[in-house]
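The file structure-v5.cif contains mmCIF, C-alpha atoms:
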data_model
#
loop_
_atom_site.label_atom_id
_atom_site.label_comp_id
_atom_site.auth_asym_id
_atom_site.auth_seq_id
_atom_site.Cartn_x
_atom_site.Cartn_y
_atom_site.Cartn_z
CA MET A 1 -92.79 40.34 -32.77
CA VAL A 2 -90.45 41.59 -35.51
CA LYS A 3 -90.01 40.09 -38.96
CA VAL A 4 -86.35 39.62 -39.91
CA VAL A 5 -84.22 37.90 -42.52
CA GLY A 6 -80.68 36.52 -42.02
CA VAL A 7 -77.91 37.64 -44.40
CA ARG A 8 -74.31 36.46 -44.58
CA PHE A 9 -71.63 38.43 -46.47
CA LYS A 10 -68.91 35.79 -46.65
CA LYS A 11 -68.69 32.02 -46.29
CA ALA A 12 -68.63 30.79 -42.69
CA ARG A 13 -69.11 34.24 -41.21
CA LYS A 14 -71.53 35.77 -38.76
CA ILE A 15 -75.21 36.07 -39.74
CA TYR A 16 -76.70 39.57 -39.58
CA TYR A 17 -80.43 40.28 -39.42
CA PHE A 18 -82.20 42.90 -41.55
CA ASP A 19 -85.71 44.13 -42.23
CA PRO A 20 -87.13 42.29 -45.30
CA ASN A 21 -88.73 45.56 -46.39
CA GLY A 22 -91.71 43.68 -47.90
CA LEU A 23 -89.57 41.69 -50.38
CA ASP A 24 -90.24 38.02 -51.14
CA LEU A 25 -86.92 36.42 -50.18
CA ASP A 26 -85.81 32.79 -50.17
CA ILE A 27 -82.61 31.05 -49.14
CA ASP A 28 -79.59 31.62 -51.47
CA THR A 29 -81.03 34.88 -52.77
CA ASP A 30 -78.46 37.64 -53.48
CA VAL A 31 -79.45 41.01 -52.01
CA ILE A 32 -78.05 44.50 -51.55
CA VAL A 33 -78.29 45.77 -47.97
CA GLU A 34 -77.32 48.90 -46.10
CA THR A 35 -74.69 48.48 -43.36
CA SER A 36 -72.47 50.72 -41.26
CA ARG A 37 -69.83 50.44 -44.01
CA GLY A 38 -72.28 51.44 -46.75
CA LEU A 39 -73.94 49.24 -49.36
CA GLU A 40 -72.94 45.58 -49.20
CA TYR A 41 -73.60 42.49 -51.32
CA GLY A 42 -74.93 39.57 -49.27
CA LEU A 43 -76.61 36.18 -49.44
CA VAL A 44 -79.83 35.22 -47.65
CA VAL A 45 -79.22 32.20 -45.40
CA VAL A 46 -82.22 32.54 -43.05
CA PRO A 47 -85.67 33.04 -44.66
CA PRO A 48 -88.01 35.70 -43.27
CA LYS A 49 -89.30 34.83 -39.81
CA GLU A 50 -90.73 36.53 -36.73
CA VAL A 51 -88.67 36.88 -33.56
CA GLN A 52 -88.97 38.71 -30.25
CA GLU A 53 -87.93 42.35 -30.23
CA ASP A 54 -85.30 41.78 -27.52
CA GLU A 55 -83.56 39.10 -29.64
CA VAL A 56 -82.36 41.58 -32.29
CA VAL A 57 -80.55 44.90 -32.16
CA GLN A 58 -82.85 47.79 -32.92
CA PRO A 59 -83.27 49.61 -35.22
CA LEU A 60 -83.07 47.09 -38.06
CA LYS A 61 -81.65 48.34 -41.33
CA PRO A 62 -83.69 47.42 -44.42
CA ILE A 63 -82.77 45.37 -47.45
CA ILE A 64 -82.46 47.82 -50.35
CA ARG A 65 -83.18 45.54 -53.30
CA LEU A 66 -82.45 42.22 -54.95
CA ALA A 67 -79.03 41.86 -56.56
CA THR A 68 -78.75 42.08 -60.36
CA PRO A 69 -76.24 40.47 -62.77
CA LYS A 70 -74.47 43.83 -62.95
CA ASP A 71 -73.99 43.74 -59.15
CA ARG A 72 -72.36 40.30 -59.44
CA GLU A 73 -69.95 41.68 -62.03
CA VAL A 74 -68.97 44.44 -59.59
CA VAL A 75 -68.20 41.83 -56.90
CA GLU A 76 -66.07 39.74 -59.28
CA ASN A 77 -64.20 42.84 -60.41
CA ASN A 78 -63.49 43.80 -56.80
CA ILE A 79 -62.03 40.34 -56.14
CA LYS A 80 -59.58 40.77 -59.02
CA ARG A 81 -58.58 44.24 -57.80
CA GLN A 82 -57.97 42.87 -54.29
CA GLU A 83 -55.06 40.77 -55.59
CA GLU A 84 -53.36 43.88 -56.97
CA ALA A 85 -54.02 45.83 -53.78
CA PHE A 86 -52.54 42.98 -51.70
CA ALA A 87 -49.27 43.10 -53.66
CA ILE A 88 -49.05 46.89 -53.28
CA GLY A 89 -49.76 46.60 -49.56
CA LEU A 90 -46.88 44.15 -49.07
CA GLU A 91 -44.54 46.46 -50.93
CA LYS A 92 -45.49 49.49 -48.84
CA ILE A 93 -45.21 47.59 -45.56
CA ALA A 94 -41.71 46.45 -46.47
CA LYS A 95 -40.80 50.01 -47.49
CA HIS A 96 -41.83 51.43 -44.09
CA GLY A 97 -40.29 48.47 -42.20
CA LEU A 98 -43.33 47.83 -40.01
CA PRO A 99 -43.52 44.62 -37.88
CA MET A 100 -46.85 43.47 -39.28
CA LYS A 101 -48.12 40.60 -41.45
CA LEU A 102 -50.68 41.39 -44.15
CA VAL A 103 -53.42 38.75 -44.26
CA ASP A 104 -56.17 39.94 -46.60
CA VAL A 105 -57.51 42.95 -48.51
CA GLU A 106 -61.18 43.77 -49.09
CA TYR A 107 -62.99 46.33 -51.24
CA THR A 108 -66.43 47.44 -50.13
CA PHE A 109 -69.24 46.93 -52.65
CA ASP A 110 -69.61 50.64 -53.45
CA ASN A 111 -65.79 51.11 -53.70
CA SER A 112 -65.86 53.74 -50.97
CA LYS A 113 -63.33 52.02 -48.71
CA LEU A 114 -60.36 49.62 -48.93
CA ILE A 115 -59.70 47.49 -45.84
CA PHE A 116 -56.33 45.87 -45.05
CA TYR A 117 -56.37 43.04 -42.48
CA PHE A 118 -53.08 42.34 -40.67
CA THR A 119 -51.64 40.60 -37.61
CA ALA A 120 -48.93 41.87 -35.27
CA ASP A 121 -47.53 41.05 -31.84
CA GLY A 122 -48.29 44.49 -30.44
CA ARG A 123 -49.49 47.91 -31.44
CA VAL A 124 -48.14 49.30 -34.71
CA ASP A 125 -47.86 52.94 -35.69
CA PHE A 126 -49.08 52.81 -39.31
CA ARG A 127 -50.08 56.46 -39.83
CA GLU A 128 -47.44 57.05 -42.49
CA LEU A 129 -48.44 53.79 -44.19
CA VAL A 130 -52.09 54.90 -44.39
CA LYS A 131 -51.09 58.18 -46.01
CA ASP A 132 -48.94 56.36 -48.54
CA LEU A 133 -51.73 53.87 -49.44
CA ALA A 134 -54.32 56.64 -49.70
CA GLY A 135 -52.10 58.43 -52.21
CA VAL A 136 -51.92 55.29 -54.36
CA PHE A 137 -55.57 54.13 -54.30
CA ARG A 138 -57.28 57.54 -53.99
CA MET A 139 -59.93 56.28 -51.55
CA ARG A 140 -60.49 55.83 -47.85
CA ILE A 141 -58.02 53.34 -46.31
CA GLU A 142 -58.66 51.31 -43.17
CA LEU A 143 -56.09 49.04 -41.47
CA ARG A 144 -57.66 46.49 -39.12
CA GLN A 145 -55.64 44.31 -36.75
CA ILE A 146 -57.03 40.78 -36.24
CA GLY A 147 -56.17 37.78 -34.08
CA VAL A 148 -54.64 34.44 -35.01
CA ARG A 149 -58.02 32.68 -35.12
CA ASP A 150 -59.40 35.18 -37.61
CA GLU A 151 -56.20 34.81 -39.63
CA ALA A 152 -56.66 31.04 -39.86
CA ARG A 153 -60.29 31.54 -40.93
CA MET A 154 -59.31 33.93 -43.75
CA LEU A 155 -56.44 31.82 -45.04
CA GLY A 156 -58.22 28.46 -44.68
CA GLY A 157 -56.56 25.06 -44.76
CA LEU A 158 -56.83 21.50 -43.47
CA GLY A 159 -57.04 20.62 -39.80
CA PRO A 160 -55.30 17.75 -37.95
CA CYS A 161 -58.29 15.53 -38.82
CA GLY A 162 -57.61 15.93 -42.56
CA ARG A 163 -60.78 17.91 -43.26
CA GLU A 164 -61.24 21.60 -43.99
CA MET A 165 -61.03 23.73 -40.88
CA CYS A 166 -64.32 24.30 -39.09
CA CYS A 167 -63.84 28.08 -38.87
CA ALA A 168 -63.33 28.31 -42.64
CA SER A 169 -66.14 25.93 -43.66
CA PHE A 170 -69.22 26.32 -41.46
CA LEU A 171 -68.44 27.86 -38.05
CA GLY A 172 -70.15 31.24 -37.90
CA GLU A 173 -68.80 32.58 -34.60
CA PHE A 174 -65.94 31.60 -32.31
CA ALA A 175 -67.04 30.07 -29.02
CA PRO A 176 -64.78 29.97 -25.93
CA VAL A 177 -62.78 26.75 -25.53
CA SER A 178 -60.98 25.80 -22.29
CA ILE A 179 -58.50 23.12 -21.26
CA LYS A 180 -61.19 21.74 -18.91
CA MET A 181 -63.08 20.44 -21.96
CA ALA A 182 -60.06 18.34 -22.95
CA LYS A 183 -59.77 16.95 -19.41
CA GLU A 184 -63.44 15.95 -19.33
CA GLN A 185 -62.95 13.94 -22.55
CA ASN A 186 -59.81 12.17 -21.21
CA LEU A 187 -57.71 13.64 -24.04
CA SER A 188 -53.97 14.09 -24.00
CA LEU A 189 -53.00 17.49 -22.63
CA ASN A 190 -50.08 17.72 -25.06
CA PRO A 191 -50.45 21.18 -26.70
CA THR A 192 -49.42 19.84 -30.12
CA LYS A 193 -52.33 17.37 -30.11
CA ILE A 194 -55.15 19.60 -28.91
CA SER A 195 -54.14 22.83 -30.72
CA GLY A 196 -55.23 23.86 -34.19
CA ILE A 197 -53.35 25.58 -37.00
CA CYS A 198 -53.90 28.94 -35.30
CA GLY A 199 -52.04 27.74 -32.19
CA ARG A 200 -55.13 27.95 -29.98
CA LEU A 201 -57.23 25.10 -28.61
CA MET A 202 -59.19 23.35 -31.35
CA CYS A 203 -62.81 24.49 -31.71
CA CYS A 204 -63.98 20.87 -32.07
CA LEU A 205 -63.18 20.24 -28.37
CA ARG A 206 -66.47 21.97 -27.62
CA TYR A 207 -68.67 19.78 -29.85
CA GLU A 208 -68.86 16.70 -27.58
CA THR A 209 -68.51 18.40 -24.19
CA GLU A 210 -72.23 18.24 -23.38
CA ALA A 211 -72.41 14.54 -24.32
CA TYR A 212 -69.50 13.73 -21.99
CA LYS A 213 -71.08 15.72 -19.17
CA ALA A 214 -74.38 13.84 -19.56
CA ALA A 215 -72.56 10.48 -19.58
CA ARG A 216 -70.52 11.34 -16.47
CA GLU A 217 -73.65 12.24 -14.52
CA GLU A 218 -74.79 8.61 -14.76
CA LEU A 219 -71.40 7.21 -13.67
CA PRO A 220 -69.66 7.33 -10.26
CA CYS A 221 -66.75 9.71 -9.83
CA VAL A 222 -63.11 8.78 -9.31
CA GLY A 223 -62.54 7.93 -5.65
CA ASP A 224 -66.12 6.74 -4.97
CA CYS A 225 -66.61 3.42 -3.18
CA VAL A 226 -68.85 1.09 -5.17
CA CYS A 227 -69.87 -2.54 -4.89
CA THR A 228 -69.42 -5.00 -7.73
CA GLY A 229 -70.05 -8.67 -8.29
CA THR A 230 -66.61 -9.48 -6.85
CA GLY A 231 -66.87 -7.15 -3.85
CA HIS A 232 -66.47 -3.56 -2.80
CA GLY A 233 -63.85 -1.36 -4.45
CA THR A 234 -62.75 2.16 -5.30
CA VAL A 235 -63.25 3.79 -8.70
CA VAL A 236 -59.88 4.73 -10.22
CA GLU A 237 -60.94 5.59 -13.79
CA VAL A 238 -64.13 6.60 -15.64
CA ASN A 239 -64.79 5.89 -19.35
CA PRO A 240 -67.87 7.86 -20.50
CA VAL A 241 -67.68 6.47 -24.06
CA LYS A 242 -68.01 2.84 -22.92
CA GLU A 243 -70.23 3.89 -19.98
CA SER A 244 -68.01 1.87 -17.67
CA VAL A 245 -65.57 2.40 -14.78
CA ILE A 246 -62.34 0.78 -13.62
CA VAL A 247 -62.69 -0.41 -10.02
CA ASP A 248 -59.85 -1.41 -7.71
CA VAL A 249 -61.10 -4.40 -5.68
CA PRO A 250 -58.72 -5.41 -2.83
CA ASP A 251 -58.88 -9.16 -3.56
CA SER A 252 -59.34 -9.08 -7.35
CA GLY A 253 -57.31 -6.03 -8.47
CA LEU A 254 -58.45 -3.73 -11.28
CA ILE A 255 -61.65 -4.75 -13.08
CA GLU A 256 -63.82 -2.97 -15.65
CA VAL A 257 -67.50 -2.78 -14.70
CA LYS A 258 -70.44 -1.38 -16.65
CA ALA A 259 -72.74 1.14 -14.99
CA GLU A 260 -75.67 -1.31 -15.14
CA GLU A 261 -73.61 -4.07 -13.52
CA ILE A 262 -72.71 -1.84 -10.59
CA ALA A 263 -76.37 -1.19 -9.76
CA GLU A 264 -77.34 -4.88 -10.11
CA SER A 265 -74.46 -6.17 -8.00
CA CYS A 266 -75.21 -3.70 -5.23
CA ASP A 267 -78.79 -4.91 -5.09
CA GLU A 268 -77.61 -8.50 -4.89
CA LEU A 269 -75.13 -7.80 -2.12
CA GLU A 270 -77.53 -5.74 -0.03
CA ALA A 271 -80.60 -7.98 -0.50
CA ILE A 272 -80.82 -10.62 2.31
CA THR A 273 -83.60 -13.18 2.58
CA PRO A 274 -85.41 -13.77 5.93
CA GLU A 275 -83.90 -17.29 6.21
CA GLU A 276 -80.38 -15.89 5.87
CA ALA A 277 -81.19 -13.28 8.49
CA GLN A 278 -82.35 -16.00 10.96
CA GLU A 279 -79.18 -18.01 10.34
CA GLN A 280 -76.99 -14.97 10.90
CA ALA A 281 -78.85 -13.91 14.08
CA PRO A 282 -77.53 -16.69 16.45
CA GLU A 283 -74.03 -16.28 15.03
CA GLN A 284 -74.16 -12.60 15.75
CA GLY A 285 -75.50 -13.31 19.27
CA GLN A 286 -72.59 -15.68 19.99
CA GLU A 287 -70.10 -13.13 18.74
CA GLN A 288 -71.63 -10.46 20.94
CA ALA A 289 -71.51 -12.76 23.98
CA GLU A 290 -67.85 -13.54 23.37
CA GLU A 291 -67.10 -9.85 23.04
CA THR A 292 -68.87 -9.08 26.33
CA THR A 293 -66.97 -11.86 28.21
CA GLN A 294 -63.68 -10.56 26.84
CA ALA A 295 -64.59 -7.03 27.91
CA GLU A 296 -65.50 -8.24 31.43
CA GLY A 297 -62.21 -10.13 31.73
CA GLN A 298 -60.25 -7.08 30.67
CA SER A 299 -62.09 -4.88 33.18
CA GLU A 300 -61.41 -7.35 36.06
CA SER A 301 -57.71 -7.53 35.25
CA GLN A 302 -57.53 -3.74 35.16
CA THR A 303 -59.19 -3.46 38.62
CA GLU A 304 -56.78 -6.06 40.05
CA THR A 305 -53.72 -4.21 38.82
CA LYS A 306 -55.06 -0.98 40.33
CA ALA A 307 -55.66 -2.67 43.72
CA GLU A 308 -52.12 -4.14 43.71
CA LYS A 309 -50.64 -0.73 43.03
CA ASN A 310 -52.63 0.78 45.91
CA SER A 311 -51.58 -2.00 48.36
CA LYS A 312 -47.84 -1.45 47.86
CA PRO A 313 -46.23 0.69 50.65
CA ARG A 314 -45.12 4.08 49.54
CA ARG A 315 -41.59 5.28 50.22
CA PRO A 316 -41.34 8.31 52.53
CA ARG A 317 -40.44 11.52 50.86
CA ARG A 318 -37.02 12.99 51.55
CA PRO A 319 -36.93 16.49 53.02
CA ARG A 320 -35.98 19.06 50.47
CA ARG A 321 -32.58 20.62 51.05
CA ARG A 322 -32.35 24.35 50.94
CA ARG A 323 -30.05 25.56 48.23
CA VAL A 324 -27.55 28.15 49.34
CA LYS A 325 -26.25 30.60 46.80
CA ARG A 326 -22.47 30.88 46.74
CA ASN A 327 -20.11 33.13 44.91
CA LYS A 328 -17.20 32.10 42.71
CA GLN A 329 -14.88 31.57 45.75
CA GLY A 330 -17.37 29.17 47.33
CA GLN A 331 -18.41 31.61 50.09
CA LYS A 332 -22.01 32.21 51.02
CA ARG A 333 -23.54 35.20 49.32
CA GLN A 334 -24.99 37.74 51.78
CA ASN A 335 -28.20 39.54 51.05
CA ARG A 336 -27.47 43.20 50.89
CA ASP A 337 -30.03 45.67 52.04
CA PRO A 338 -30.14 48.64 49.70
CA LYS A 339 -30.93 50.89 52.64
CA THR A 340 -27.74 50.02 54.57
CA THR A 341 -25.44 50.39 51.60
CA GLN A 342 -24.18 53.79 50.75
#
Using the file provided, produce a representation of the structure as C-alpha cells.
Amino acid sequence: MVKVVGVRFKKARKIYYFDPNGLDLDIDTDVIVETSRGLEYGLVVVPPKEVQEDEVVQPLKPIIRLATPKDREVVENNIKRQEEAFAIGLEKIAKHGLPMKLVDVEYTFDNSKLIFYFTADGRVDFRELVKDLAGVFRMRIELRQIGVRDEARMLGGLGPCGREMCCASFLGEFAPVSIKMAKEQNLSLNPTKISGICGRLMCCLRYETEAYKAAREELPCVGDCVCTGTGHGTVVEVNPVKESVIVDVPDSGLIEVKAEEIAESCDELEAITPEEAQEQAPEQGQEQAEETTQAEGQSESQTETKAEKNSKPRRPRRPRRRRVKRNKQGQKRQNRDPKTTQ
C-alpha cells in the first residue's frame, strides 16, 4: 500500500497524485509540488489515503511545502501577465501569417516557461514564431496544439441545456462518446441536437447510458413475439423510461403494454385448468377424426386416378426417321474417307 494525496492545478482538470511527504493535508489546502514542468501551485482535492501500488505511476513526486500568501501573490501576478502575453502572441501570429488560432497562455509558477495553447487544422511550422517570442519574453517558449474539446474547456460557456458546460465545471477527464449511446436512448440523430459547442458529441450522452442498458435488459427487444391481455403481438418499439413497449396485435393494432402486464398476461393465457382441458379433449379428438377421414378420402381418390391412368391404352410409338444430311443444292452429302482423298 502507498499513501497518496490528490492535487488539481486548475478547475475541472485531471487529478494528479503525489507523496504527502509527512505533511498534514486537508481538502482545499494550497500546496507547492514538483512536476515535470518544475514547481507548480496546486489545490488538494483528495485527502491522504492508501492505495495499491499498481494504481499509481511510480515513482511518486513529493509535495514540497504548503503554499504561503506570497505564493498566492505570484499566481495572481502571473494571471495578469498572461493577458499581456496573449495580446503579443496574437500580434506575432498575424505578423508571420500562420494558420493557427491562439486559445490561451500560461506562465509556470517559477516563471521558467511560457506556454501558448493553439488550435489548427493541420501541422504548423512555427519555428520562426518561437524565436520571435523568445526574443520578446526572454524565457523558454512552448507552443502546444490542442483539440476542439480542450479549446471549449479553456474558453468555457453555456451548453444547449442552459447550464455551464460539463468540461469547464466539473468533468476531470474526457471519456469516449459514440453515436450508439444516442441510439440506445432513442434520441434524435440530428447532429445539431446531440453535438456540443465544440462540435463533437455531447459528453452528457454518457451519463445515462448504463441506466438505459439496465432498463432494456428487463424489456423485450424490437421484433420479439410477446403475449398481452388482448392476444399475441410483435414488439415494434421499446420505451425504457416508461418501462413499457409498443406491441402490434393483429386484431387490436398498436397498444402500449407495461413490462409487468406482459408477464401477467402470458401466465393467464398459458394457464389452463383441468376442467378446461377435459372440455377441449373431445373437441380435439373430433377434429383429429375429421382430419383422418379427409386424409383417407384424398388418398383413395389419388389411387383411383392412378389406376385410371394405367388402364388407358397407350399409343404405339412411331419409328424414328433417319435424318439425311444434305448440301445446299438438296443433294445427299457423301462421307469422304480421308484415306481415299488425295
field: the PyMOL selection byres ((chain A and resi 141) around 8) applied to the shown file, residues as a list in words
entry: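 Those residues are Lys113, Leu114, Ile115, Phe116, Val130, Leu133, Ala134, Met139, Arg140, Glu142 and Leu143 of chain A.
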Next, the residues of the selection above should be written as an mmCIF file, in the coordinates of the input with C-alpha atoms.
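Contents of result24.cif, freshly written:
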data_model
loop_
_atom_site.group_PDB
_atom_site.id
_atom_site.type_symbol
_atom_site.label_atom_id
_atom_site.label_comp_id
_atom_site.auth_asym_id
_atom_site.auth_seq_id
_atom_site.Cartn_x
_atom_site.Cartn_y
_atom_site.Cartn_z
ATOM 1 C CA LYS A 113 -63.330 52.020 -48.710
ATOM 2 C CA LEU A 114 -60.360 49.620 -48.930
ATOM 3 C CA ILE A 115 -59.700 47.490 -45.840
ATOM 4 C CA PHE A 116 -56.330 45.870 -45.050
ATOM 5 C CA VAL A 130 -52.090 54.900 -44.390
ATOM 6 C CA LEU A 133 -51.730 53.870 -49.440
ATOM 7 C CA ALA A 134 -54.320 56.640 -49.700
ATOM 8 C CA MET A 139 -59.930 56.280 -51.550
ATOM 9 C CA ARG A 140 -60.490 55.830 -47.850
ATOM 10 C CA GLU A 142 -58.660 51.310 -43.170
ATOM 11 C CA LEU A 143 -56.090 49.040 -41.470
#
task: Identify, on the basis of only C-alpha atoms, every residue whose closest approach to Lys11 of chain A does not exceed 9 Å; exclude the query and any residue fewer than 5 positions from it along the same chain; express the result as a PyMOL selection string.
output: chain A and resi 168-170+172
Write the residues you've just listed into a file as an mmCIF file, keeping the file's coordinate frame, and include C-alpha atoms for each of them.
data_model
loop_
_atom_site.group_PDB
_atom_site.id
_atom_site.type_symbol
_atom_site.label_atom_id
_atom_site.label_comp_id
_atom_site.auth_asym_id
_atom_site.auth_seq_id
_atom_site.Cartn_x
_atom_site.Cartn_y
_atom_site.Cartn_z
ATOM 1 C CA ALA A 168 -63.330 28.310 -42.640
ATOM 2 C CA SER A 169 -66.140 25.930 -43.660
ATOM 3 C CA PHE A 170 -69.220 26.320 -41.460
ATOM 4 C CA GLY A 172 -70.150 31.240 -37.900
#
- prompt: Can you tell me how far atom CA of Lys242 of chain A sits from atom CA of Leu254 of chain A, in Å to one decimal?
  reply: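 According to the coordinates, atom CA of Lys242 of chain A and atom CA of Leu254 of chain A are separated by 16.4 Å.
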- request: Enumerate, as a PyMOL selection string, the residues matched when the PyMOL selection byres ((chain A and resi 25) around 12) is run on the file above.
  value: chain A and resi 4-7+18-24+26-31+43-49+63+65-67
field: segment 33-42 of chain A environment, 7 Å, all atoms listed in the file, sequence neighbours closer than 5 positions dropped, as a PyMOL selection string
entry: chain A and resi 7-9+61-64+108-110
